[in-house]
Each structure stands twice: as structure tokens, then as C-alpha cells.
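Reproduced below: final.tsv, with TSV, C-alpha atoms.
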chain	number	residue	atom	x	y	z
A	1	MET	CA	0.00	0.00	0.00
A	2	ARG	CA	1.75	3.12	-1.27
A	3	ARG	CA	1.71	6.52	0.40
A	4	LEU	CA	-0.12	8.94	-1.90
A	5	TYR	CA	-0.84	12.65	-1.79
A	6	ARG	CA	-3.80	14.56	-3.21
A	7	GLN	CA	-3.96	17.74	-5.16
A	8	GLU	CA	-6.90	20.12	-5.17
A	9	LEU	CA	-9.56	19.61	-7.83
A	10	PRO	CA	-10.54	22.31	-10.34
A	11	LEU	CA	-12.96	24.90	-9.00
A	12	ALA	CA	-15.79	23.78	-11.29
A	13	THR	CA	-15.47	20.21	-10.00
A	14	ARG	CA	-15.40	21.36	-6.39
A	15	VAL	CA	-18.58	23.36	-6.97
A	16	ALA	CA	-20.27	20.39	-8.66
A	17	LEU	CA	-19.35	18.13	-5.73
A	18	ALA	CA	-20.62	20.64	-3.19
A	19	ARG	CA	-23.94	21.04	-4.99
A	20	ARG	CA	-24.47	17.31	-5.20
A	21	GLY	CA	-23.44	16.88	-1.58
A	22	ASP	CA	-26.04	19.42	-0.46
A	23	ARG	CA	-28.75	17.20	-1.92
A	24	CYS	CA	-27.71	14.14	0.11
A	25	SER	CA	-30.25	14.07	2.91
A	26	ASP	CA	-30.11	10.31	3.48
A	27	VAL	CA	-28.41	7.14	2.23
A	28	GLN	CA	-30.89	6.49	-0.55
A	29	THR	CA	-30.65	10.02	-1.94
A	30	ALA	CA	-26.85	9.94	-1.71
A	31	ARG	CA	-26.72	6.72	-3.70
A	32	GLN	CA	-29.03	8.13	-6.35
A	33	GLU	CA	-27.02	11.34	-6.62
A	34	TRP	CA	-23.73	9.48	-6.96
A	35	LYS	CA	-25.17	7.10	-9.56
A	36	ALA	CA	-26.37	10.08	-11.59
A	37	PHE	CA	-23.11	12.02	-11.17
A	38	ARG	CA	-20.55	9.31	-11.89
A	39	PRO	CA	-21.08	8.97	-15.70
A	40	LEU	CA	-21.21	12.72	-16.29
A	41	ALA	CA	-18.44	14.79	-17.87
A	42	GLU	CA	-18.29	16.92	-14.70
A	43	ALA	CA	-17.07	13.83	-12.81
A	44	ARG	CA	-14.16	13.31	-15.20
A	45	PRO	CA	-11.65	15.66	-13.48
A	46	LEU	CA	-12.16	13.76	-10.22
A	47	VAL	CA	-11.56	10.41	-11.90
A	48	ASP	CA	-8.61	11.77	-13.87
A	49	GLU	CA	-6.95	13.04	-10.71
A	50	LEU	CA	-7.39	9.69	-8.95
A	51	ARG	CA	-5.92	7.91	-11.94
A	52	ARG	CA	-2.99	10.34	-12.01
A	53	MET	CA	-2.35	9.52	-8.37
A	54	ALA	CA	-2.53	5.80	-9.22
A	55	GLY	CA	0.46	6.12	-11.56
A	56	VAL	CA	1.09	5.09	-15.14
A	57	ARG	CA	0.00	1.51	-14.42
A	58	ASP	CA	-3.26	2.66	-12.83
A	59	ARG	CA	-2.67	0.72	-9.61
A	60	CYS	CA	-5.35	0.19	-6.96
A	61	PHE	CA	-4.75	2.42	-3.92
A	62	TYR	CA	-5.26	-0.53	-1.57
A	63	CYS	CA	-3.47	-3.60	-2.94
A	64	SER	CA	-1.12	-1.66	-5.30
A	65	ASP	CA	-1.22	-4.70	-7.58
A	66	SER	CA	-4.31	-4.78	-9.78
A	67	ARG	CA	-5.52	-2.11	-12.16
A	68	GLY	CA	-7.92	0.33	-10.55
A	69	THR	CA	-11.38	0.31	-12.09
A	70	ASP	CA	-13.55	2.81	-10.24
A	71	VAL	CA	-14.02	5.28	-7.41
A	72	ASP	CA	-14.27	3.80	-3.93
A	73	HIS	CA	-15.83	5.72	-1.07
A	74	TYR	CA	-13.40	5.31	1.82
A	75	ALA	CA	-16.23	5.90	4.29
A	76	PRO	CA	-19.02	3.94	2.54
A	77	ILE	CA	-22.19	5.75	1.62
A	78	ASP	CA	-24.11	3.49	3.99
A	79	SER	CA	-21.88	4.64	6.86
A	80	GLU	CA	-21.43	8.34	6.06
A	81	TYR	CA	-23.78	9.48	3.33
A	82	ALA	CA	-22.80	13.10	4.00
A	83	SER	CA	-19.29	12.27	2.71
A	84	THR	CA	-20.49	10.88	-0.61
A	85	PHE	CA	-19.23	13.92	-2.54
A	86	VAL	CA	-16.28	14.85	-0.31
A	87	TRP	CA	-13.06	14.72	-2.36
A	88	ARG	CA	-10.97	13.34	0.51
A	89	ASN	CA	-13.37	10.41	0.71
A	90	HIS	CA	-12.65	9.21	-2.84
A	91	LEU	CA	-10.05	6.54	-3.60
A	92	TRP	CA	-9.21	4.54	-6.72
A	93	ALA	CA	-9.70	0.80	-6.25
A	94	CYS	CA	-9.64	-2.41	-8.23
A	95	THR	CA	-12.83	-4.43	-8.56
A	96	ASP	CA	-11.70	-7.06	-6.06
A	97	CYS	CA	-10.64	-4.67	-3.30
A	98	ASN	CA	-13.78	-2.59	-3.83
A	99	ARG	CA	-15.95	-5.68	-3.55
A	100	ARG	CA	-14.17	-7.06	-0.49
A	101	LYS	CA	-14.29	-3.73	1.32
A	102	SER	CA	-17.90	-3.02	0.30
A	103	THR	CA	-19.65	-1.50	3.34
A	104	ARG	CA	-17.12	-2.81	5.89
A	105	PHE	CA	-15.79	0.19	7.76
A	106	PRO	CA	-14.71	-0.54	11.36
A	107	VAL	CA	-14.45	2.53	13.56
A	108	ASP	CA	-12.89	2.77	17.02
A	109	PRO	CA	-14.50	5.28	19.42
A	110	ASP	CA	-11.10	6.76	20.23
A	111	LEU	CA	-9.02	6.13	17.10
A	112	GLY	CA	-11.68	6.73	14.48
A	113	PRO	CA	-11.70	4.73	11.19
A	114	LEU	CA	-9.40	1.72	11.36
A	115	VAL	CA	-8.92	0.89	7.68
A	116	ILE	CA	-5.82	2.64	6.41
A	117	ASP	CA	-6.39	5.40	3.87
A	118	PRO	CA	-3.04	5.75	2.02
A	119	THR	CA	-3.84	9.35	1.09
A	120	ARG	CA	-4.04	10.34	4.76
A	121	THR	CA	-1.42	8.23	6.48
A	122	ASP	CA	1.71	6.21	5.77
A	123	ALA	CA	0.61	2.56	5.76
A	124	TRP	CA	4.05	1.43	6.98
A	125	ALA	CA	3.36	3.16	10.29
A	126	HIS	CA	0.86	0.37	10.91
A	127	LEU	CA	2.10	-2.52	8.75
A	128	ALA	CA	5.30	-4.56	8.53
A	129	LEU	CA	6.82	-6.09	5.40
A	130	ALA	CA	8.51	-9.49	5.40
A	131	ASP	CA	11.20	-10.51	2.90
A	132	THR	CA	8.68	-12.99	1.48
A	133	GLY	CA	6.38	-10.13	0.43
A	134	VAL	CA	3.80	-10.90	3.11
A	135	ILE	CA	2.41	-7.89	5.00
A	136	ALA	CA	1.48	-8.18	8.68
A	137	PRO	CA	0.19	-5.78	11.34
A	138	LYS	CA	3.06	-3.99	13.01
A	139	VAL	CA	3.84	-5.08	16.57
A	140	HIS	CA	4.69	-2.17	18.85
A	141	PRO	CA	6.68	-2.25	22.13
A	142	GLY	CA	4.97	-4.40	24.73
A	143	ASP	CA	3.81	-6.84	22.02
A	144	VAL	CA	0.93	-4.54	21.15
A	145	VAL	CA	-0.49	-5.40	17.75
A	146	ASP	CA	-1.37	-2.36	15.66
A	147	VAL	CA	-5.16	-2.20	15.48
A	148	ARG	CA	-5.25	-0.24	12.22
A	149	GLY	CA	-2.93	-2.74	10.57
A	150	LEU	CA	-5.00	-5.64	11.87
A	151	ALA	CA	-8.29	-4.14	10.72
A	152	THR	CA	-6.93	-3.20	7.31
A	153	LEU	CA	-5.68	-6.69	6.57
A	154	ASP	CA	-8.96	-8.16	7.77
A	155	VAL	CA	-11.12	-5.94	5.58
A	156	LEU	CA	-8.75	-5.84	2.59
A	157	ASN	CA	-7.43	-9.38	2.74
A	158	ARG	CA	-6.52	-9.26	-0.94
A	159	ILE	CA	-3.39	-7.40	0.17
A	160	ASN	CA	-2.00	-10.81	1.13
A	161	HIS	CA	-3.47	-12.76	-1.78
A	162	GLU	CA	-0.87	-15.20	-3.13
A	163	ALA	CA	-0.48	-13.38	-6.45
A	164	VAL	CA	-0.10	-9.97	-4.77
A	165	VAL	CA	2.46	-11.33	-2.31
A	166	GLU	CA	4.41	-12.83	-5.20
A	167	GLY	CA	4.48	-9.45	-6.96
A	168	ARG	CA	5.82	-7.72	-3.84
A	169	TYR	CA	8.39	-10.48	-3.33
A	170	ARG	CA	9.70	-10.07	-6.87
A	171	MET	CA	9.96	-6.32	-6.40
A	172	ILE	CA	11.85	-6.76	-3.12
A	173	ARG	CA	14.21	-9.21	-4.82
A	174	ARG	CA	14.87	-6.80	-7.69
A	175	LEU	CA	15.57	-3.94	-5.30
A	176	ARG	CA	17.85	-6.13	-3.18
A	177	ARG	CA	19.84	-7.29	-6.20
A	178	ALA	CA	20.22	-3.76	-7.51
A	179	ALA	CA	21.42	-2.48	-4.13
A	180	SER	CA	23.87	-5.39	-3.82
A	181	ASP	CA	25.20	-4.67	-7.31
A	182	VAL	CA	25.87	-1.03	-6.41
A	183	LEU	CA	27.89	-2.12	-3.39
A	184	ALA	CA	29.73	-4.92	-5.22
A	185	SER	CA	30.60	-2.70	-8.20
A	186	GLY	CA	32.11	0.06	-6.11
A	187	ASN	CA	29.27	2.44	-6.93
A	188	THR	CA	29.75	2.39	-10.70
A	189	MET	CA	27.40	4.54	-12.75
A	190	PRO	CA	25.67	1.60	-14.54
A	191	ALA	CA	24.87	-0.04	-11.19
A	192	ARG	CA	23.58	3.22	-9.76
A	193	ARG	CA	21.39	3.79	-12.82
A	194	ARG	CA	19.93	0.31	-12.46
A	195	MET	CA	19.13	0.99	-8.80
A	196	ILE	CA	17.38	4.22	-9.73
A	197	GLU	CA	15.40	2.46	-12.45
A	198	GLU	CA	14.27	-0.30	-10.08
A	199	VAL	CA	12.97	2.28	-7.61
A	200	ARG	CA	11.09	3.96	-10.47
A	201	GLU	CA	9.49	0.59	-11.28
A	202	ASP	CA	8.33	0.00	-7.69
A	203	ASP	CA	4.55	0.17	-8.02
A	204	PHE	CA	4.07	-1.54	-4.66
A	205	GLY	CA	5.71	1.19	-2.62
A	206	VAL	CA	7.95	-1.30	-0.84
A	207	PHE	CA	11.11	0.77	-1.22
A	208	TRP	CA	9.63	3.33	1.18
A	209	TRP	CA	9.70	0.56	3.81
A	210	PHE	CA	13.47	0.33	3.28
A	211	VAL	CA	13.92	4.10	3.17
A	212	ARG	CA	11.79	5.34	6.04
A	213	TRP	CA	10.88	2.42	8.27
A	214	GLU	CA	12.37	-0.73	9.84
A	215	GLY	CA	13.50	-2.03	6.46
A	216	ARG	CA	16.35	0.49	6.53
A	217	GLN	CA	18.11	-1.80	9.01
A	218	ILE	CA	18.05	-4.75	6.60
A	219	GLN	CA	20.95	-5.64	4.32
A	220	PRO	CA	21.93	-4.59	1.71
A	221	PHE	CA	19.89	-1.42	2.19
A	222	SER	CA	21.43	-0.59	5.56
A	223	GLU	CA	24.90	-0.74	4.01
A	224	LEU	CA	23.90	1.27	0.96
A	225	TRP	CA	22.43	3.95	3.22
A	226	ILE	CA	25.77	4.29	5.04
A	227	LYS	CA	28.21	3.86	2.14
A	228	ASP	CA	26.46	5.93	-0.52
A	229	PRO	CA	24.44	8.67	1.20
A	230	ALA	CA	24.26	10.73	-2.00
A	231	LEU	CA	22.55	7.91	-3.91
A	232	TRP	CA	20.34	7.20	-0.91
A	233	ARG	CA	19.17	10.82	-0.81
A	234	ARG	CA	18.44	10.70	-4.55
A	235	LEU	CA	16.41	7.50	-4.16
A	236	THR	CA	14.52	9.03	-1.24
A	237	ARG	CA	13.65	12.14	-3.27
A	238	LEU	CA	12.54	9.95	-6.18
A	239	THR	CA	10.25	7.93	-3.92
A	240	VAL	CA	8.72	11.07	-2.41
A	241	ALA	CA	8.16	12.48	-5.91
A	242	GLN	CA	6.36	9.27	-6.89
A	243	GLN	CA	4.11	9.60	-3.84
A	244	HIS	CA	3.14	13.07	-5.07
A	245	GLY	CA	2.49	11.78	-8.57
A	246	ARG	CA	5.51	13.44	-10.13
Translate this structure into C-alpha cells?
Amino acid sequence: MRRLYRQELPLATRVALARRGDRCSDVQTARQEWKAFRPLAEARPLVDELRRMAGVRDRCFYCSDSRGTDVDHYAPIDSEYASTFVWRNHLWACTDCNRRKSTRFPVDPDLGPLVIDPTRTDAWAHLALADTGVIAPKVHPGDVVDVRGLATLDVLNRINHEAVVEGRYRMIRRLRRAASDVLASGNTMPARRRMIEEVREDDFGVFWWFVRWEGRQIQPFSELWIKDPALWRRLTRLTVAQQHGR
């Protein structure tokens, strides 16, 4: 699950969303309004922006594996009909993740919504990545299992579907090999270029785990971080730019 950042929508689209939102007096009306709005040309800038955020391969915001197919309401209409036309409530999801999530939206009285929204928070603050590509809830000091990580993997269990795990594993292996080649080659330009290219190809967002979170302590990334800080800074900037859709 990649960290993603939003940009503001065009004024005309914001006005259209606000007008539609004002008509949503209950769940049924909200559903009708959204169904009427979605095929219209005035909805296109919203969809285009979500697809821009999804990257050139149009990845689902949740599993980061399959092609996104439509707008998902983070807080489902059945749960928060007043948020039906709120821009921050719109995500781009694949058919499978959208279906599995459906109306499931666990909320803690103190913590609020428990399913991770990658446009609001860094998923790796709540999840841990294994070398095998499997994602698990992060365990905090005192053996406290992260409740947001646990809830997210329960609701969006496709994140650990065999095919998705295999894709993450292959990406981790490619990144590991590229980092090892940089170190073994004595930081030659071809090896550095390959490392940069592999980070560019990381649709899963796993390199951020090795840049920002516990993965930075894992070889060969920990050694690359120490021995080539200039390359590490460049890779970090590249990853942040990807998160902003640049």
C-alpha cells in the first residue's frame, strides 16, 4: 500500500461536488445522486486526478497490484452518506478490493476509522513487510499489535493474496539485487542507474519501507544507506516524488 498525496480539484469540479453533496439528505438520496453524477463529464476531473495519483499503471490504492477500475468511497455511503461527494473520501480501487471492502468500515470510538487510507497516512506506520512479500500488522513495544494494521488486513485481505504477495516479493528481490550490485561494483554509474530504475518501477511502494521504516536496518539497504548517502538521498527524493504523482 503506497503513500499517496492529493492535489486540489478544479474549481468547477469542487462546486459540482458541493452542490451534489447538499442534496444528500439520506443514504438512498446519496446513492441516487452518486449514480447520476458518476457517468457525467463533470465527474471526469475527479476520476482523472485519482488515476494520475494511481500512476502510469493505474494501480489500486489498496493492494497496489491490480488495475484500478472505479471510485471507492473510503467511508461507505451506507456509513457516512454526507461524505459521498467529499473529495478526501474518494479513492481509486480495483474491482476485487472494492468488492471485499464493500460497506465494511470498522471505527474505534477513540481512534476513528481503522482501515488505512493511504492518502491520509503512511501505511508502513501500521504494517510490517517481510522478505517474502507478506504484510502483517506492526507489533509495537509491549507486544501490542497495531489495530489499524490488523483491521486493514482483515477488511482488505486481498493485500496478502498469493499473487499480490508474489508481486511484492519479486519487487523486493529486484531492489535487493540492484542495491547489492551497487555495493559490489564500487558504486559504478551503470549499477547506480539500475538501482534508480528499479525504484522507479516500484509500483508496490515497498522501497519506502526500506527508506523510512524498519526495512532500513536490513541488508543490503542498511549498508547502501551508510556507504552511498548521495545515492540514498536521490532515491529518497525519487520515492517522495512518486508519492506526489511526479
Sorted by chain and rising residue number, list the residues of region 124-235 of chain A at most 9 Å from region 1-4 of chain A (counting all atoms listed in the file), each with its closest atom pair and distance in Å to one decimal, as CSV.
residue,atom,partner,partner_atom,distance
A:Trp124,CA,A:Met1,CA,8.2
A:Ile159,CA,A:Met1,CA,8.1
A:Asp203,CA,A:Arg2,CA,7.9
A:Phe204,CA,A:Arg2,CA,6.2
A:Gly205,CA,A:Arg2,CA,4.6
A:Val206,CA,A:Arg2,CA,7.6
A:Trp208,CA,A:Arg2,CA,8.3
Grab the residues selected above and save them as a JSON list (two decimals), in the coordinates of the input with C-alpha atoms.
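Written output follows (again_16.json):
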[["chain", "number", "residue", "atom", "x", "y", "z"],
["A", 124, "TRP", "CA", 4.05, 1.43, 6.98],
["A", 159, "ILE", "CA", -3.39, -7.40, 0.17],
["A", 203, "ASP", "CA", 4.55, 0.17, -8.02],
["A", 204, "PHE", "CA", 4.07, -1.54, -4.66],
["A", 205, "GLY", "CA", 5.71, 1.19, -2.62],
["A", 206, "VAL", "CA", 7.95, -1.30, -0.84],
["A", 208, "TRP", "CA", 9.63, 3.33, 1.18]]
When you look at Tyr169 (chain A) with a cut-off of 7 Å (counting only C-alpha atoms), what residues show up, excluding the ones that are within fewer than 5 positions of it in the same chain? I need them as JSON, numbers by chain.
{"A": [131, 132, 133]}
Contacts of Leu127 (chain A) within 7 Å, all atoms listed in the file, excl. fewer than 3 positions in-chain, as number ranges by chain
A: 123-124, 135-138, 149
If we count only C-alpha atoms, what is near Asp108 (chain A) at a cut-off of 12 Å, once residues fewer than 6 positions away on the same chain are taken out, given as a list in words?
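Result of the neighbour search: Leu114, Val115, Val147, Arg148 and Ala151 of chain A.
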Write the residues of the preceding selection, restricted to C-alpha atoms, as a PDB file, keeping the file's coordinate frame.
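New file result03.pdb:
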ATOM      1  CA  LEU A 114      -9.400   1.720  11.360  1.00  0.00           C
ATOM      2  CA  VAL A 115      -8.920   0.890   7.680  1.00  0.00           C
ATOM      3  CA  VAL A 147      -5.160  -2.200  15.480  1.00  0.00           C
ATOM      4  CA  ARG A 148      -5.250  -0.240  12.220  1.00  0.00           C
ATOM      5  CA  ALA A 151      -8.290  -4.140  10.720  1.00  0.00           C
TER       6      ALA A 151
END
Rank A:Leu50, A:Ala82, A:Ala41, A:Val56 by their smallest atom-to-atom distance to Arg20 (chain A), using only C-alpha atoms, and report the top residue only.
A:Ala82
What's the separation between CA of Cys94 (chain A) and CA of Leu175 (chain A), in Å to one decimal place?
25.4 Å
Find the residues near Val134 (chain A): any atom within 8 Å, counting only C-alpha atoms, skip ones fewer than 4 places away on the same chain, and give them as an MDAnalysis selection string.
chainID A and resid 129:130 160 165 168:169
With region 234-246 of chain A as the partner and 7 Å as the cut-off, tabulate the residues of region 41-98 of chain A that qualify, each row holding the nearest pair of atoms and their distance in Å to one decimal, using all atoms listed in the file, sorted by chain and rising number, as a Markdown table.
| residue | atom | partner | partner_atom | distance |
| --- | --- | --- | --- | --- |
| A:Arg52 | CA | A:Gly245 | CA | 6.6 |
| A:Met53 | CA | A:Gly245 | CA | 5.3 |
| A:Gly55 | CA | A:Gly245 | CA | 6.7 |
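You can rank A:Val27, A:Leu46, A:Ala191, A:Val164 by their closest distance to Arg6 (chain A) using all atoms listed in the file, and at the top of that list sits A:Leu46.
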